[in-house]
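K.L.:
Pasting a structure below so you can have a look.
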Amino acid sequence: MYFSIVIPFLIAFLVTFFSIPYFERFFSRIQVIATDMQKKQKPIIPIAGGIPVFFGFTLGILSYVAINTFILKNNVSLLYLFAAMLTSSIIAMIGFFDDINVRSRRTDIGSGAVDFKVGLKQWQKALLPLIAAIPLIVVYAGVTSISIPFLGTVNFGILFPLILIPLAVVLVSNATNMLAGINGLEAGSTSVALIALGVFTINSNPVAAIISFTGAASLLAFLKFNWIPASMLPGDSLTYFSGALIVSVVIVGGVERMGIIIFIPWIVEAFLKLRGKFKVRSYGDLQKDGTIKAPYDKIYSLTHLVMKIPEWLKIKRFTEKQVALILIGFELLICILSLAYFY
């Protein structure tokens, strides 16, 4: 089992890693671009990093199927695996449609920021992910009985695939799209979450584990190109895709309690963005010394919260890299504590 997970992990990582430079040149040529806001020169770089990540993930998963079919002769369950792949691919395409909706020149987008990106409308972002939930619905993925604090175990029956799965796909994919705007944050935090889910499910549900580890491998490869200073931005294609991976693993693996705990940062982020009526930005204002300052007096994102810590402690402001490391470290701490608790 471990052999059949390690090889797909390596394939997903290497395919993503070596394909990204080609995607960068291609997207730059066809003007799928955006402005990296927190850099002094405001560089224009390619966006839609979710496409090479999805490409590497898909080949990694297919290699897992090939290894078990032709080498190990294992009779692996492919129904949930391909349903999760299809859900992830559909939602990656939805995110890509958002990424390619760009203007021909920079435009003022409010709060002193300029960009090429137009993106989908809010109602489209809310409703289109429902399409991506269909594969998981039709295969009746997951376990309908869920343990709820203070209520005990509740069997949702047919309501689980018809109501809870589409609701989870929509909410999780949109939430992962909110905690963004800092180089390395999206890929770093979601890869940590997926690795934790992989460790948690590796003995109980190999299908969930292979989705987790293969997705994490692709995201880690992308992180090399998205780390400060980034040469490629993730775009909604990556944030939506990584959210789809997380919710697919949670549903297929039947680990809803674990999923909710490791998803705490994104849940908090969603409520903070709601406070700002979803009209606020996560990234800060670049200062002359290279540090970044929270763009608002109030806190509308976890990134704002981290940016305000130096003000409260009367110390030098954080750089973009420090903000990213703090938030990724926060997710890592949550994952370690949750694994320790459940084990």
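By order in the structure tokens, chains are A, B, ...; within a chain, residues start at 1; ligands start at 1, following the order shown.
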Could you list, as an NGL selection string, every residue within 8 Å of Val207 in chain A, counting only C-alpha atoms and ignoring same-chain residues fewer than 4 positions away?
P.N.:
:A and (77 or 80-81 or 211 or 252-253)
K.L.:
For range 185-194 of chain A, please output as a PyMOL selection string all residues within 8 Å (counting only C-alpha atoms; exclusion window: fewer than 6 positions along the same chain).
P.N.:
chain A and resi 176+179+212-213+215-217+219-220+222-223+226+234+238-239+242-243+245-246+262-263+324-325+327-328+331-332+335
K.L.:
Please write the residues from the selection above to a file, keeping N, CA and C atoms, as a short mmCIF file (atom, residue, chain, number, x, y, z; two decimals), in the first residue's frame.
P.N.:
```cif
data_model
loop_
_atom_site.label_atom_id
_atom_site.label_comp_id
_atom_site.auth_asym_id
_atom_site.auth_seq_id
_atom_site.Cartn_x
_atom_site.Cartn_y
_atom_site.Cartn_z
N THR A 176 -11.89 28.28 0.78
CA THR A 176 -10.46 28.23 0.44
C THR A 176 -10.07 29.36 -0.51
N LEU A 179 -9.21 32.82 1.91
CA LEU A 179 -7.94 32.99 2.63
C LEU A 179 -6.82 32.94 1.59
N SER A 212 -5.37 12.61 -0.88
CA SER A 212 -4.72 13.61 -0.01
C SER A 212 -3.25 13.79 -0.38
N PHE A 213 -2.50 12.69 -0.41
CA PHE A 213 -1.06 12.78 -0.63
C PHE A 213 -0.72 13.23 -2.05
N GLY A 215 -2.63 15.10 -4.04
CA GLY A 215 -2.95 16.52 -4.12
C GLY A 215 -1.92 17.38 -3.41
N ALA A 216 -1.47 16.92 -2.24
CA ALA A 216 -0.45 17.67 -1.50
C ALA A 216 0.86 17.74 -2.27
N ALA A 217 1.22 16.66 -2.97
CA ALA A 217 2.45 16.64 -3.75
C ALA A 217 2.43 17.70 -4.85
N LEU A 219 0.59 20.41 -4.92
CA LEU A 219 0.59 21.74 -4.30
C LEU A 219 1.99 22.13 -3.81
N LEU A 220 2.72 21.17 -3.27
CA LEU A 220 4.08 21.46 -2.80
C LEU A 220 5.00 21.81 -3.96
N PHE A 222 4.02 23.27 -6.72
CA PHE A 222 3.63 24.63 -7.12
C PHE A 222 4.17 25.66 -6.15
N LEU A 223 4.31 25.29 -4.88
CA LEU A 223 4.78 26.22 -3.85
C LEU A 223 6.16 26.77 -4.18
N ASN A 226 5.42 29.66 -6.33
CA ASN A 226 4.50 30.63 -5.75
C ASN A 226 5.05 31.27 -4.48
N PRO A 234 -1.69 31.58 -7.87
CA PRO A 234 -2.57 30.41 -7.86
C PRO A 234 -3.88 30.62 -8.61
N LEU A 238 -6.72 27.24 -8.54
CA LEU A 238 -6.03 26.48 -7.49
C LEU A 238 -6.79 26.49 -6.18
N THR A 239 -7.31 27.64 -5.78
CA THR A 239 -8.01 27.69 -4.50
C THR A 239 -9.28 26.83 -4.53
N SER A 242 -8.06 23.03 -4.65
CA SER A 242 -7.58 22.52 -3.36
C SER A 242 -8.73 22.34 -2.38
N GLY A 243 -9.72 23.25 -2.44
CA GLY A 243 -10.90 23.08 -1.59
C GLY A 243 -11.68 21.85 -1.97
N LEU A 245 -10.45 19.14 -3.28
CA LEU A 245 -9.69 17.99 -2.80
C LEU A 245 -9.97 17.73 -1.32
N ILE A 246 -9.95 18.79 -0.52
CA ILE A 246 -10.19 18.64 0.92
C ILE A 246 -11.57 18.07 1.19
N ILE A 262 -9.55 20.73 11.08
CA ILE A 262 -8.41 21.26 10.32
C ILE A 262 -8.83 22.40 9.41
N PHE A 263 -10.14 22.56 9.22
CA PHE A 263 -10.63 23.63 8.35
C PHE A 263 -10.98 24.89 9.13
N ALA A 324 2.88 34.83 5.69
CA ALA A 324 2.58 33.52 5.13
C ALA A 324 3.04 32.40 6.07
N LEU A 325 4.24 32.52 6.61
CA LEU A 325 4.78 31.48 7.49
C LEU A 325 3.95 31.35 8.77
N LEU A 327 0.71 32.03 9.20
CA LEU A 327 -0.59 31.41 8.93
C LEU A 327 -0.45 29.94 8.55
N ILE A 328 0.58 29.59 7.79
CA ILE A 328 0.82 28.17 7.49
C ILE A 328 1.19 27.43 8.76
N GLU A 331 -1.94 26.65 10.73
CA GLU A 331 -2.64 25.48 10.20
C GLU A 331 -1.90 24.19 10.57
N LEU A 332 -0.57 24.22 10.51
CA LEU A 332 0.22 23.05 10.90
C LEU A 332 -0.02 22.68 12.36
N CYS A 335 -3.36 21.00 12.73
CA CYS A 335 -3.32 19.63 12.21
C CYS A 335 -2.61 18.68 13.17
#
```
K.L.:
From the DSSP assignment of the backbone, select every residue of range 109-316 of chain A that is alpha helix (DSSP H), and format the answer as a ChimeraX atom specification.
P.N.:
/A:122-127,129-132,134-138,159,165-176,185-201,206-226,235-253,256-262,264-275,302-313
K.L.:
Identify, on the basis of only C-alpha atoms, every residue whose closest approach to Ser282 in chain A does not exceed 7 Å; exclude the query and any residue fewer than 4 positions from it along the same chain; express the result as number ranges by chain.
P.N.:
A: 180-181, 301, 303-304
